[in-house]
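Listing of start28.csv, CSV, C-alpha atoms and all ligand atoms
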```csv
chain,number,residue,atom,x,y,z
A,7,MET,CA,77.1,110.0,96.5
A,8,ALA,CA,80.4,108.9,98.0
A,9,LEU,CA,82.0,105.7,96.8
A,10,SER,CA,84.1,103.1,98.6
A,11,GLY,CA,87.2,101.5,97.2
A,12,GLY,CA,88.8,98.1,97.5
A,13,SER,CA,87.5,95.3,95.4
A,14,THR,CA,83.9,94.7,96.6
A,15,PRO,CA,82.4,97.6,94.7
A,16,LYS,CA,83.5,96.2,91.4
A,17,ILE,CA,80.5,93.9,91.2
A,18,ILE,CA,78.1,96.9,91.7
A,19,PHE,CA,80.0,99.2,89.4
A,20,GLU,CA,80.1,96.6,86.6
A,21,THR,CA,76.3,96.2,86.9
A,22,LEU,CA,75.6,99.9,87.0
A,23,SER,CA,77.6,100.4,83.9
A,24,ILE,CA,75.7,97.9,81.7
A,25,PRO,CA,74.3,100.1,78.9
A,26,GLY,CA,70.5,100.6,79.3
A,27,LYS,CA,70.2,98.3,82.4
A,28,TYR,CA,69.2,101.2,84.7
A,29,LYS,CA,67.6,104.4,83.9
A,30,ILE,CA,70.0,106.7,85.7
A,31,ASP,CA,70.5,110.3,84.6
A,32,TRP,CA,74.1,110.6,85.5
A,33,ASN,CA,73.9,114.3,84.8
A,34,LYS,CA,72.2,114.5,88.2
A,35,VAL,CA,74.7,112.4,90.0
A,36,HIS,CA,77.9,113.8,91.6
A,37,LEU,CA,80.5,111.2,92.6
A,38,TYR,CA,82.9,111.6,95.6
A,39,TRP,CA,85.0,109.1,97.4
A,40,GLY,CA,84.9,108.2,101.1
A,41,ASP,CA,88.6,107.4,101.0
A,42,GLU,CA,91.5,107.2,98.7
A,43,ARG,CA,95.1,105.8,98.8
A,44,CYS,CA,97.8,108.5,98.6
A,45,VAL,CA,99.0,107.3,95.2
A,46,PRO,CA,98.6,108.8,91.7
A,47,PRO,CA,95.3,108.1,89.8
A,48,THR,CA,97.2,105.8,87.5
A,49,ASP,CA,98.4,103.6,90.3
A,50,ASP,CA,96.8,100.1,90.6
A,51,GLU,CA,96.2,100.9,94.3
A,52,SER,CA,94.0,104.0,93.3
A,53,ASN,CA,90.3,103.7,94.2
A,54,TYR,CA,89.7,106.3,91.5
A,55,LYS,CA,91.5,104.1,88.9
A,56,MET,CA,89.4,101.1,89.9
A,57,THR,CA,86.2,103.2,89.6
A,58,ARG,CA,87.2,104.6,86.2
A,59,GLU,CA,87.9,101.0,85.0
A,60,TYR,CA,84.7,99.4,86.4
A,61,LEU,CA,82.1,102.3,86.3
A,62,LEU,CA,83.1,105.5,84.8
A,63,TYR,CA,84.2,104.1,81.4
A,64,GLY,CA,80.7,102.8,80.9
A,65,ILE,CA,78.5,105.7,81.9
A,66,ASP,CA,77.8,109.0,80.4
A,67,ILE,CA,78.6,111.3,83.4
A,68,PRO,CA,80.0,114.8,83.0
A,69,GLU,CA,83.7,115.1,84.1
A,70,ALA,CA,82.5,118.0,86.2
A,71,ASN,CA,80.4,115.6,88.3
A,72,ILE,CA,83.5,113.5,89.2
A,73,HIS,CA,85.2,114.8,92.4
A,74,ARG,CA,88.2,112.6,92.9
A,75,ILE,CA,90.5,112.8,95.9
A,76,LEU,CA,93.9,113.9,94.6
A,77,GLY,CA,96.0,110.9,95.7
A,78,GLU,CA,99.1,112.4,94.2
A,79,ALA,CA,98.9,115.5,96.4
A,80,LYS,CA,100.6,116.1,99.8
A,81,PRO,CA,98.3,114.2,102.1
A,82,GLU,CA,97.9,116.8,104.8
A,83,LEU,CA,97.0,119.4,102.2
A,84,GLU,CA,94.6,117.1,100.3
A,85,ALA,CA,92.7,116.3,103.5
A,86,ILE,CA,92.1,120.0,104.0
A,87,ARG,CA,91.3,120.6,100.3
A,88,TYR,CA,88.8,117.7,100.1
A,89,SER,CA,87.1,118.8,103.3
A,90,ASN,CA,86.7,122.2,101.7
A,91,VAL,CA,85.3,120.7,98.5
A,92,ILE,CA,82.5,118.8,100.2
A,93,ASN,CA,81.9,121.7,102.6
A,94,GLU,CA,81.4,124.1,99.6
A,95,GLN,CA,79.5,121.7,97.3
A,96,LEU,CA,77.1,119.8,99.5
A,97,PRO,CA,74.0,120.9,101.4
A,98,LYS,CA,74.5,120.8,105.2
A,99,THR,CA,72.7,120.0,108.4
A,100,ALA,CA,74.1,121.5,111.6
A,101,GLY,CA,77.1,122.8,109.5
A,102,VAL,CA,78.0,119.3,108.3
A,103,PRO,CA,77.8,118.3,104.6
A,104,VAL,CA,75.0,115.8,103.9
A,105,PHE,CA,75.5,113.0,101.3
A,106,ASP,CA,72.5,111.4,99.8
A,107,LEU,CA,74.3,108.1,99.8
A,108,ILE,CA,77.7,106.8,101.1
A,109,LEU,CA,78.9,103.4,100.1
A,110,LEU,CA,81.2,101.7,102.5
A,111,GLY,CA,83.2,98.5,102.6
A,112,MET,CA,84.6,96.7,105.6
A,113,GLY,CA,88.0,95.1,106.0
A,114,GLU,CA,88.5,91.8,107.7
A,115,ASP,CA,89.9,93.8,110.6
A,116,GLY,CA,86.7,95.8,110.9
A,117,HIS,CA,88.0,99.0,109.3
A,118,THR,CA,85.8,101.1,107.1
A,119,ALA,CA,86.6,103.9,104.7
A,120,SER,CA,90.3,104.2,105.7
A,121,ILE,CA,89.8,104.3,109.5
A,122,PHE,CA,91.6,101.3,110.9
A,123,PRO,CA,91.3,99.9,114.4
A,124,HIS,CA,94.8,101.2,115.4
A,125,GLU,CA,93.6,104.7,114.5
A,126,ILE,CA,89.9,104.4,115.6
A,127,ALA,CA,90.2,107.9,117.2
A,128,LEU,CA,90.2,109.4,113.7
A,129,TRP,CA,86.4,108.6,113.7
A,130,ASP,CA,85.8,111.4,116.1
A,131,ALA,CA,88.1,113.9,114.5
A,132,GLU,CA,86.9,117.5,114.2
A,133,ASP,CA,87.6,117.7,110.5
A,134,PHE,CA,85.5,116.1,107.7
A,135,CYS,CA,88.6,114.4,106.2
A,136,GLU,CA,91.8,113.1,107.8
A,137,VAL,CA,95.1,111.5,106.8
A,138,ALA,CA,95.2,107.8,107.9
A,139,ASN,CA,97.8,105.1,107.7
A,140,HIS,CA,97.4,101.5,106.7
A,141,PRO,CA,98.4,99.4,109.7
A,142,VAL,CA,100.6,96.9,107.7
A,143,SER,CA,101.9,98.8,104.7
A,144,GLY,CA,102.0,102.2,106.3
A,145,GLN,CA,100.4,103.5,103.1
A,146,GLN,CA,98.9,106.9,103.7
A,147,ARG,CA,95.2,107.4,102.9
A,148,ILE,CA,92.7,110.3,102.9
A,149,THR,CA,89.5,109.3,104.7
A,150,PHE,CA,86.1,110.7,105.6
A,151,THR,CA,85.7,110.8,109.4
A,152,GLY,CA,82.6,109.8,111.4
A,153,LYS,CA,81.2,113.3,111.3
A,154,ILE,CA,80.5,113.1,107.6
A,155,ILE,CA,79.6,109.4,107.4
A,156,ASN,CA,77.0,109.6,110.2
A,157,ASN,CA,75.5,112.7,108.7
A,158,ALA,CA,74.5,110.9,105.4
A,159,LYS,CA,70.9,110.2,104.5
A,160,VAL,CA,71.7,106.6,103.6
A,161,VAL,CA,74.8,104.6,104.4
A,162,ALA,CA,75.1,101.3,102.5
A,163,PHE,CA,77.7,98.7,103.5
A,164,LEU,CA,78.7,96.3,100.8
A,165,VAL,CA,80.4,93.3,102.4
A,166,THR,CA,81.2,89.9,100.9
A,167,GLY,CA,83.3,86.9,101.7
A,168,VAL,CA,83.5,84.4,104.6
A,169,GLY,CA,86.5,86.2,106.0
A,170,LYS,CA,84.3,89.0,107.2
A,171,LYS,CA,81.4,86.9,108.6
A,172,ASP,CA,82.6,87.1,112.2
A,173,LYS,CA,83.1,90.8,112.3
A,174,VAL,CA,79.7,91.4,110.6
A,175,ALA,CA,78.0,89.2,113.2
A,176,GLU,CA,79.8,90.9,116.1
A,177,ILE,CA,79.0,94.4,114.8
A,178,ILE,CA,75.3,93.8,113.9
A,179,ASN,CA,74.7,91.8,117.2
A,180,HIS,CA,76.9,94.1,119.3
A,181,LYS,CA,78.9,91.1,120.5
A,182,GLY,CA,82.6,90.4,121.3
A,183,ASN,CA,85.0,93.2,120.5
A,184,PHE,CA,82.5,95.0,118.2
A,185,SER,CA,83.2,98.5,119.7
A,186,SER,CA,86.9,98.2,118.7
A,187,TYR,CA,86.0,98.0,115.1
A,188,PRO,CA,85.6,101.4,113.2
A,189,ALA,CA,82.8,99.8,111.1
A,190,SER,CA,80.7,99.5,114.3
A,191,LEU,CA,80.7,103.3,114.7
A,192,VAL,CA,78.7,103.8,111.6
A,193,ALA,CA,75.3,104.9,113.0
A,194,PRO,CA,73.7,107.6,110.9
A,195,VAL,CA,72.3,110.4,113.1
A,196,SER,CA,69.0,110.6,111.2
A,197,GLY,CA,69.7,108.5,108.1
A,198,SER,CA,69.4,104.8,107.3
A,199,LEU,CA,72.0,102.2,107.5
A,200,LEU,CA,71.8,99.3,105.1
A,201,TRP,CA,73.9,96.1,104.9
A,202,PHE,CA,74.3,94.4,101.6
A,203,LEU,CA,75.9,91.0,102.3
A,204,ASP,CA,76.5,87.9,100.3
A,205,GLU,CA,75.6,84.6,101.9
A,206,ALA,CA,79.2,84.0,103.1
A,207,ALA,CA,79.5,87.3,104.8
A,208,ALA,CA,76.0,86.9,106.4
A,209,SER,CA,76.6,83.3,107.5
A,210,GLY,CA,77.5,84.3,111.1
A,211,LEU,CA,74.1,86.0,111.6
B,301,LIG,C1,89.8,100.9,100.5
B,301,LIG,C2,88.3,100.9,100.9
B,301,LIG,C3,88.2,100.0,102.1
B,301,LIG,C4,87.5,98.8,101.7
B,301,LIG,C5,87.7,97.7,102.6
B,301,LIG,C6,87.2,96.4,102.0
B,301,LIG,O1,90.2,102.0,100.1
B,301,LIG,O2,90.4,99.9,100.6
B,301,LIG,O3,87.6,102.0,100.9
B,301,LIG,O4,87.5,100.6,103.2
B,301,LIG,O5,86.1,99.1,101.5
B,301,LIG,O6,89.1,97.5,102.8
B,301,LIG,O7,88.0,96.1,100.8
B,301,LIG,P1,87.6,94.9,99.8
B,301,LIG,O8,86.3,95.3,99.2
B,301,LIG,O9,88.7,94.8,98.9
B,301,LIG,O10,87.4,93.7,100.7
```
Rewrite the structure of this file - the entire thing - as structure tokens.
Amino acid sequence: MALSGGSTPKIIFETLSIPGKYKIDWNKVHLYWGDERCVPPTDDESNYKMTREYLLYGIDIPEANIHRILGEAKPELEAIRYSNVINEQLPKTAGVPVFDLILLGMGEDGHTASIFPHEIALWDAEDFCEVANHPVSGQQRITFTGKIINNAKVVAFLVTGVGKKDKVAEIINHKGNFSSYPASLVAPVSGSLLWFLDEAAASGL
């Protein structure tokens, strides 16, 4: 499975890491990331750091099953390296790696993974991973592109908060400017798309 970053996943990760709550054989689970900030793994901005603090510390998963994006590496080289990692390690359909599950978040601007509206063309990039740029901070990111995301067996959006209710409603109902939001492009070719919303984020539906 590929994990999303930001803050929303923390609620899921904390629950998953409660000892004995779920019977998950973590030896059989390999963790990847759908995007990462181009910062060291010790940086508070790092999605890997957040995952280690909220999930990894509490589960018995082999280090070999954790495939982090190297946020400290040169972005252009890491996008290539990570594309090669998933290409070599995952089963494929039509030459494209297939994830069992990809978790995604959505920003208030309708971005998902690290594909932001001002760079929505990255969604259709040829490569599996690209270098993206945060529209405000300019922070570089490594991100999956649409080719990988839409090839997954299951894509699960985790979206909370009233600030996202309008975008959620526009995207799910195909209304307003939905097509300008990268999150609206998530449409698994043959897999399932699930939305997990809290009441606030769903209040526009
Ligand atoms: C990231 C995430 C990003 C996130 C959204 C929502 O690296 O920030 O992958 O796509 O899911 O920005 O973030 P919140 O969960 O913090 O609202």
Within 6 Å of ligand LIG 301 (chain B), which residues of chain A come that close, and what is the closest atom pair and distance in Å for each? Count all atoms listed in the file and give it as CSV.
```
residue,atom,partner,partner_atom,distance
A:Ser10,CA,B:LIG301,O3,4.3
A:Gly11,CA,B:LIG301,O3,3.8
A:Gly12,CA,B:LIG301,O9,3.6
A:Ser13,CA,B:LIG301,O9,3.7
A:Thr14,CA,B:LIG301,O8,3.6
A:Asp41,CA,B:LIG301,O3,5.5
A:Glu42,CA,B:LIG301,O1,5.5
A:Leu110,CA,B:LIG301,O5,5.6
A:Gly111,CA,B:LIG301,O5,3.2
A:Met112,CA,B:LIG301,C5,4.4
A:Gly113,CA,B:LIG301,O6,4.1
A:Thr118,CA,B:LIG301,O4,4.3
A:Ala119,CA,B:LIG301,O4,3.7
A:Ser120,CA,B:LIG301,O4,5.2
```
Please tabulate, as JSON lines, the residues of stretch 62-99 of chain A that come within 9 Å of stretch 50-57 of chain A, each with its closest pair of atoms and the distance in Å to one decimal, counting all atoms listed in the file and ordering rows by chain, then residue number upward.
```
{"residue": "A:Leu62", "atom": "CA", "partner": "A:Thr57", "partner_atom": "CA", "distance": 6.2}
{"residue": "A:Tyr63", "atom": "CA", "partner": "A:Thr57", "partner_atom": "CA", "distance": 8.5}
{"residue": "A:Arg74", "atom": "CA", "partner": "A:Tyr54", "partner_atom": "CA", "distance": 6.6}
{"residue": "A:Ile75", "atom": "CA", "partner": "A:Tyr54", "partner_atom": "CA", "distance": 7.9}
{"residue": "A:Gly77", "atom": "CA", "partner": "A:Ser52", "partner_atom": "CA", "distance": 7.6}
```
Based on the selection just made, write C-alpha atoms of those residues as a PDB file, in the frame of the given file.
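Output saved as again10.pdb:
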```pdb
ATOM      1  CA  LEU A  62      83.100 105.500  84.800  1.00  0.00           C
ATOM      2  CA  TYR A  63      84.200 104.100  81.400  1.00  0.00           C
ATOM      3  CA  ARG A  74      88.200 112.600  92.900  1.00  0.00           C
ATOM      4  CA  ILE A  75      90.500 112.800  95.900  1.00  0.00           C
ATOM      5  CA  GLY A  77      96.000 110.900  95.700  1.00  0.00           C
TER       6      GLY A  77
END
```
Near-A:Pro188 list (12 Å; all atoms listed in the file; drop same-chain fewer than 5 positions) as a count of residues only | 29
Shortest interatomic distance to A:Lys16 - which of A:Arg58, A:Arg43, A:Lys34, A:Arg87, counting only C-alpha atoms =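 Closest residue, counting only C-alpha atoms: A:Arg58.
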Selected residue, from A:Cys135, A:Ile72, A:Leu211, A:Ile24, that lies nearest to A:Ala85 when counting all atoms listed in the file |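 Using all atoms listed in the file, the shortest distance to A:Ala85 belongs to A:Cys135.
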Mind checking which residues fall within 12 Å of A:Glu82, counting only C-alpha atoms, ignoring those fewer than 6 positions away in the same chain, and posting them as an MDAnalysis selection string?
-> chainID A and resid 44 76 88:89 133 135:138 146:149
Expected file contents, prior selection, C-alpha atoms, as a compact mmCIF listing (two decimals), in the coordinates of the input:
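Just written: result-v1.txt:
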```txt
# COMPACT_ATOMS: atom_id res chain seq x y z
CA CYS A 44 97.80 108.50 98.60
CA LEU A 76 93.90 113.90 94.60
CA TYR A 88 88.80 117.70 100.10
CA SER A 89 87.10 118.80 103.30
CA ASP A 133 87.60 117.70 110.50
CA CYS A 135 88.60 114.40 106.20
CA GLU A 136 91.80 113.10 107.80
CA VAL A 137 95.10 111.50 106.80
CA ALA A 138 95.20 107.80 107.90
CA GLN A 146 98.90 106.90 103.70
CA ARG A 147 95.20 107.40 102.90
CA ILE A 148 92.70 110.30 102.90
CA THR A 149 89.50 109.30 104.70
```
Which residues, written as a list in words, have at least one atom at most 10 Å from A:Lys171, with only C-alpha atoms counted and residues fewer than 4 positions away on the same chain left out?
->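 Returned residues: Glu114, Val165, Thr166, Gly167, Ala175, Glu176, Leu203, Asp204, Glu205, Ala206, Ala207, Ala208, Ser209, Gly210 and Leu211 of chain A.
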To one decimal place, how far is atom CA of A:Val104 from atom CA of A:Leu199 in Å?
-> 14.4 Å
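Of the residues listed (A:Leu191, A:Leu200, A:Ala100, A:Ala79), A:Leu200 shows the shortest atom-to-atom separation from A:Phe163; distances use all atoms listed in the file.
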For A:Asn156: contacts at 8 Å, all atoms listed in the file, fewer than 3 positions along chain excluded, given as a count of residues only | 8
Hey, can you check how far atom CA of A:Trp39 sits from atom CA of A:His73?
->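 Computing it gives 7.6 Å between the two atoms.
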Atomic distance atom CA of A:Lys80 - atom CA of A:Ala8, expressed in Å with one decimal =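 Going from atom CA of A:Lys80 over to atom CA of A:Ala8, I get 21.5 Å.
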Using all atoms listed in the file, pick whichever of A:Asn71, A:Asn157, A:Asn139, A:Thr99 has the shortest atom-to-atom distance to A:Tyr38.
-> A:Asn71
N, CA, C and O atoms modelled onto stretch 21-42 of chain A, as a compact mmCIF listing (two decimals), keeping the file's coordinate frame:
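Heads up, here's the output in part36.txt:
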```
# COMPACT_ATOMS: atom_id res chain seq x y z
N THR A 21 77.72 96.26 87.15
CA THR A 21 76.30 96.20 86.90
C THR A 21 75.70 97.53 86.51
O THR A 21 74.96 97.68 85.54
N LEU A 22 76.10 98.52 87.30
CA LEU A 22 75.60 99.90 87.00
C LEU A 22 76.00 100.39 85.67
O LEU A 22 75.32 101.22 85.07
N SER A 23 77.11 99.88 85.14
CA SER A 23 77.60 100.40 83.90
C SER A 23 77.12 99.68 82.65
O SER A 23 77.48 100.01 81.52
N ILE A 24 76.26 98.64 82.87
CA ILE A 24 75.70 97.90 81.70
C ILE A 24 74.76 98.85 80.95
O ILE A 24 73.79 99.35 81.54
N PRO A 25 75.06 99.14 79.70
CA PRO A 25 74.30 100.10 78.90
C PRO A 25 72.76 99.76 78.99
O PRO A 25 72.37 98.61 78.75
N GLY A 26 71.94 100.75 79.39
CA GLY A 26 70.50 100.60 79.30
C GLY A 26 69.88 99.75 80.45
O GLY A 26 68.66 99.65 80.57
N LYS A 27 70.73 99.20 81.34
CA LYS A 27 70.20 98.30 82.40
C LYS A 27 69.37 99.13 83.41
O LYS A 27 68.32 98.73 83.89
N TYR A 28 69.91 100.30 83.77
CA TYR A 28 69.20 101.20 84.70
C TYR A 28 68.99 102.52 84.11
O TYR A 28 69.84 103.02 83.37
N LYS A 29 67.83 103.11 84.45
CA LYS A 29 67.60 104.40 83.90
C LYS A 29 68.12 105.48 84.89
O LYS A 29 67.40 105.99 85.75
N ILE A 30 69.41 105.70 84.83
CA ILE A 30 70.00 106.70 85.70
C ILE A 30 70.48 107.88 84.90
O ILE A 30 71.20 107.71 83.91
N ASP A 31 70.00 109.06 85.28
CA ASP A 31 70.50 110.30 84.60
C ASP A 31 71.73 110.74 85.34
O ASP A 31 71.67 111.44 86.36
N TRP A 32 72.87 110.32 84.81
CA TRP A 32 74.10 110.60 85.50
C TRP A 32 74.48 112.09 85.50
O TRP A 32 75.36 112.51 86.24
N ASN A 33 73.73 112.88 84.72
CA ASN A 33 73.90 114.30 84.80
C ASN A 33 73.54 114.86 86.18
O ASN A 33 74.00 115.91 86.61
N LYS A 34 72.67 114.07 86.85
CA LYS A 34 72.20 114.50 88.20
C LYS A 34 72.94 113.88 89.31
O LYS A 34 72.59 114.05 90.49
N VAL A 35 73.97 113.10 88.98
CA VAL A 35 74.70 112.40 90.00
C VAL A 35 76.13 112.98 90.13
O VAL A 35 76.82 113.15 89.11
N HIS A 36 76.51 113.32 91.34
CA HIS A 36 77.90 113.80 91.60
C HIS A 36 78.60 112.69 92.42
O HIS A 36 78.04 112.22 93.42
N LEU A 37 79.77 112.30 91.96
CA LEU A 37 80.50 111.20 92.60
C LEU A 37 81.69 111.77 93.41
O LEU A 37 82.49 112.56 92.91
N TYR A 38 81.77 111.34 94.66
CA TYR A 38 82.90 111.60 95.60
C TYR A 38 83.42 110.31 96.06
O TYR A 38 82.86 109.25 95.76
N TRP A 39 84.50 110.37 96.84
CA TRP A 39 85.00 109.10 97.40
C TRP A 39 85.13 109.27 98.92
O TRP A 39 85.53 110.33 99.42
N GLY A 40 84.80 108.20 99.62
CA GLY A 40 84.90 108.20 101.10
C GLY A 40 86.33 108.01 101.56
O GLY A 40 86.66 108.33 102.70
N ASP A 41 87.17 107.49 100.69
CA ASP A 41 88.60 107.40 101.00
C ASP A 41 89.38 107.12 99.74
O ASP A 41 88.84 106.72 98.72
N GLU A 42 90.67 107.39 99.84
CA GLU A 42 91.50 107.20 98.70
C GLU A 42 92.96 106.91 99.20
O GLU A 42 93.36 107.44 100.24
```
